[in-house]
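Enquirer: Quick one: structure below, then a few questions.
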Amino acid sequence: MLSEYLFRLGDDRLILGHRTSEWCGHGPILEEDIALANTALDLIGQANLFLELAGQVEGKGRTADALAYFREGVEFRNAQIMELPRGDFAFTTARQFLVSVFELLHLDRLQSSKHTDLAGIAAKAVKETRYHARHAADWMLKLGDGTAESHQRLQSAVDDLWRFTGELFEVDEIERALTAEGIAVDRGALRAQWRDEVSRVLTAATLTVPDDGFMQRGGREGKHTEHLGHLLAEMQIVARSFPGAEW
Amino acid sequence: MSANSDQGPATDGDTQWPLWEVFIQPKPGAPHEHCGSVHAVDAEQALLNARDVYARRNEGIHLWVVPTQWITGSTPDDMGPFFDPANDKAYRHPQFYKTPRGVRVY
């Protein structure tokens, strides 16, 4: 079920990319506004590549656009952390950091996938992701070790997000089989390294690393928070109101 | 909360973050060219902002960021004494001289 794996990879980026794009025109300063838009475009570009490949592998003639704009919420396979509302700048920063550190580890290994198209996309995406991780980590340090208010906002963002991070490392039968074939990456094996790297930055930022407690899950099976529906309504309305429109 | 040790220069009475000038090298061996400025609180952030604002479309391969206040510029009053004397001294350009016969011209 390679297409299922590709939906997960593509949808994670499409949904986080859309969320990040919501900052366009609302960034705290001009330079950061541009940086957020750049990040959103990187993610949507990666989503396009993964979903285009997903459509080919699936063999039902669906393009990346068809997959992005004409699927229902239950058909989306993104982890729930991607769909949470953008919140304040601390929340957006914390999410980008937690996700980028994971994706950097993930894509770095995916470059060696036996599936050459997949390896090629990963090689392109890993460079962008390395930048996202660096940019987000810089903000983690500045907000965490900044003022009392920025510290408190960032700590509560990290605390709120923590229970959504477990899903990033979830491995099911599909991925286990693909990993055995040398196509997919074993996400579970990345967890210790992710925790080390995240803890290193959080500690340097004078933040407390949350304990692993209950972890939210279900996104990979199409079970989402109530936030995804609203996001899709906004993201899909133009394509659905004017099917086949071009510009 | 401690301040960053590599914090850029403060600007008096200005609530904006300090300004940094950005220079980009278009290709290996080429000189860095001024391309604009960004606001940032320290060198790392200045570099990241410079990348996001000025280096996203294949503009170059290397960036410099310099605190604007550490650049000293000539003033409009300097224009006469600095630059006018060169106007009538065409012989300061190599093109002023004829290439001697026998020298290969590239």
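Residue numbering restarts at 1 in every chain; chains get A, B, ... in the order shown in the structure tokens, and ligands count up from 1 in that same order.
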Find the nearest atom pair between each residue of chain B and chain A for residues within 10 Å, count only C-alpha atoms, give distances in Å to one decimal, sort rows by chain and ascending number, and present the table as JSON lines.
Expert:
```
{"residue": "B:Met1", "atom": "CA", "partner": "A:Asp145", "partner_atom": "CA", "distance": 5.5}
{"residue": "B:Ser2", "atom": "CA", "partner": "A:Asp145", "partner_atom": "CA", "distance": 6.7}
{"residue": "B:Ala3", "atom": "CA", "partner": "A:Gly146", "partner_atom": "CA", "distance": 7.5}
{"residue": "B:Asn4", "atom": "CA", "partner": "A:Lys142", "partner_atom": "CA", "distance": 8.3}
{"residue": "B:Gln16", "atom": "CA", "partner": "A:Ile29", "partner_atom": "CA", "distance": 9.4}
{"residue": "B:Trp17", "atom": "CA", "partner": "A:Ile29", "partner_atom": "CA", "distance": 9.6}
{"residue": "B:Val38", "atom": "CA", "partner": "A:Glu31", "partner_atom": "CA", "distance": 7.0}
{"residue": "B:His39", "atom": "CA", "partner": "A:Glu31", "partner_atom": "CA", "distance": 7.3}
{"residue": "B:Ala40", "atom": "CA", "partner": "A:Glu31", "partner_atom": "CA", "distance": 8.7}
{"residue": "B:Val41", "atom": "CA", "partner": "A:Lys142", "partner_atom": "CA", "distance": 9.4}
{"residue": "B:Glu44", "atom": "CA", "partner": "A:Asp138", "partner_atom": "CA", "distance": 7.9}
{"residue": "B:Gln45", "atom": "CA", "partner": "A:Asp138", "partner_atom": "CA", "distance": 7.4}
{"residue": "B:Ala46", "atom": "CA", "partner": "A:Glu31", "partner_atom": "CA", "distance": 9.5}
{"residue": "B:Leu48", "atom": "CA", "partner": "A:His135", "partner_atom": "CA", "distance": 6.9}
{"residue": "B:Asn49", "atom": "CA", "partner": "A:Glu31", "partner_atom": "CA", "distance": 5.8}
{"residue": "B:Ala50", "atom": "CA", "partner": "A:Glu31", "partner_atom": "CA", "distance": 8.2}
{"residue": "B:Arg51", "atom": "CA", "partner": "A:Ala35", "partner_atom": "CA", "distance": 8.8}
{"residue": "B:Asp52", "atom": "CA", "partner": "A:Ala35", "partner_atom": "CA", "distance": 5.3}
{"residue": "B:Val53", "atom": "CA", "partner": "A:Glu31", "partner_atom": "CA", "distance": 6.6}
{"residue": "B:Arg56", "atom": "CA", "partner": "A:Asn38", "partner_atom": "CA", "distance": 8.3}
```
Enquirer: Fewer than 3 positions away in the same chain doesn't count, so skip those; otherwise give me all residues within 10 Å of A:Leu232, counting only C-alpha atoms, as a PyMOL selection string.
Expert: chain A and resi 15+18+68-73+76+83+227-229+235-237
Enquirer: Of the candidates A:Asn48, A:Gln96, A:Ser241, A:Thr20, which one gets nearest to A:Ala157 if we count only C-alpha atoms?
Expert: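 Between A:Asn48, A:Gln96, A:Ser241, A:Thr20, the residue approaching A:Ala157 most closely is A:Gln96.
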Enquirer: My list of candidates is A:Thr129, A:Phe91, A:Ser3, A:Leu143. Which is closest to A:Val201 when distances are computed with only C-alpha atoms?
Expert: A:Leu143
Enquirer: What does the distance between atom CA of A:Leu104 and atom CA of A:Gly222 come to in Å, to one decimal place?
Expert: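 Between atom CA of A:Leu104 and atom CA of A:Gly222 the gap works out to 24.4 Å.
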Enquirer: Which residues come within 6 Å of A:Gly219, counting only C-alpha atoms, excluding same-chain residues fewer than 6 positions away, as a count of residues only?
Expert: 4
Enquirer: Can you pull out the residues contacting B:Ile61? Cut-off 10 Å, using only C-alpha atoms, and skip same-chain residues under 2 positions away; I want them as JSON, numbers by chain.
Expert: {"B": [24, 25, 26, 27, 28, 32, 55, 58, 59, 63]}
Enquirer: Any idea what's packed within 7 Å of B:Cys35, counting only C-alpha atoms, ignoring anything in its chain fewer than 2 positions away? Could you give it as number ranges by chain?
Expert: B: 22-24, 33
Enquirer: Just to be explicit: take each residue in the selection above, keep C-alpha atoms, and write the result as a PDB file, in the first residue's frame.
Expert:
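What follows is the written file again-v9.pdb:
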```
ATOM      1  CA  VAL B  22      22.728  42.384   3.261  1.00  0.00           C
ATOM      2  CA  PHE B  23      25.354  41.519   0.667  1.00  0.00           C
ATOM      3  CA  ILE B  24      25.044  38.574  -1.671  1.00  0.00           C
ATOM      4  CA  GLU B  33      26.928  42.996  -3.869  1.00  0.00           C
TER       5      GLU B  33
END
```
Enquirer: Rounded to one decimal place, report the atom CA of A:Ser113-atom CA of A:Leu178 distance in Å.
Expert: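 Pair atom CA of A:Ser113 / atom CA of A:Leu178 returns 9.9 Å.
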Enquirer: Among stretch 48-98 of chain B, which ones does DSSP place in alpha helix (DSSP H), written as a list in words?
Expert: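 These are the residues in question: Leu48, Asn49, Ala50, Arg51, Asp52, Val53, Tyr54, Met79, Gly80, Pro81, Phe82 and Phe83 of chain B.
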Enquirer: Go ahead and write the selection's residues with N, CA and C atoms as a CSV table (one decimal), in the first residue's frame.
Expert:
```
chain,number,residue,atom,x,y,z
B,48,LEU,N,19.3,34.6,8.7
B,48,LEU,CA,18.1,33.8,8.3
B,48,LEU,C,17.1,34.8,7.5
B,49,ASN,N,16.9,36.0,8.1
B,49,ASN,CA,16.0,36.9,7.4
B,49,ASN,C,16.5,37.3,6.0
B,50,ALA,N,17.8,37.5,5.9
B,50,ALA,CA,18.4,37.8,4.6
B,50,ALA,C,18.2,36.7,3.6
B,51,ARG,N,18.3,35.5,4.1
B,51,ARG,CA,18.0,34.3,3.2
B,51,ARG,C,16.6,34.3,2.7
B,52,ASP,N,15.7,34.6,3.7
B,52,ASP,CA,14.3,34.5,3.3
B,52,ASP,C,13.8,35.7,2.4
B,53,VAL,N,14.4,36.8,2.6
B,53,VAL,CA,14.0,38.0,1.9
B,53,VAL,C,14.7,38.1,0.5
B,54,TYR,N,16.0,37.8,0.5
B,54,TYR,CA,16.8,38.1,-0.7
B,54,TYR,C,17.4,36.9,-1.4
B,79,MET,N,30.6,64.8,-2.0
B,79,MET,CA,30.5,64.5,-3.5
B,79,MET,C,31.5,65.2,-4.3
B,80,GLY,N,31.6,66.5,-4.1
B,80,GLY,CA,32.5,67.3,-4.9
B,80,GLY,C,34.0,66.9,-4.7
B,81,PRO,N,34.5,67.0,-3.5
B,81,PRO,CA,35.9,66.7,-3.3
B,81,PRO,C,36.2,65.2,-3.6
B,82,PHE,N,35.3,64.3,-3.3
B,82,PHE,CA,35.6,62.9,-3.5
B,82,PHE,C,35.6,62.5,-5.0
B,83,PHE,N,34.5,63.0,-5.7
B,83,PHE,CA,34.3,62.3,-7.0
B,83,PHE,C,34.5,63.2,-8.2
```
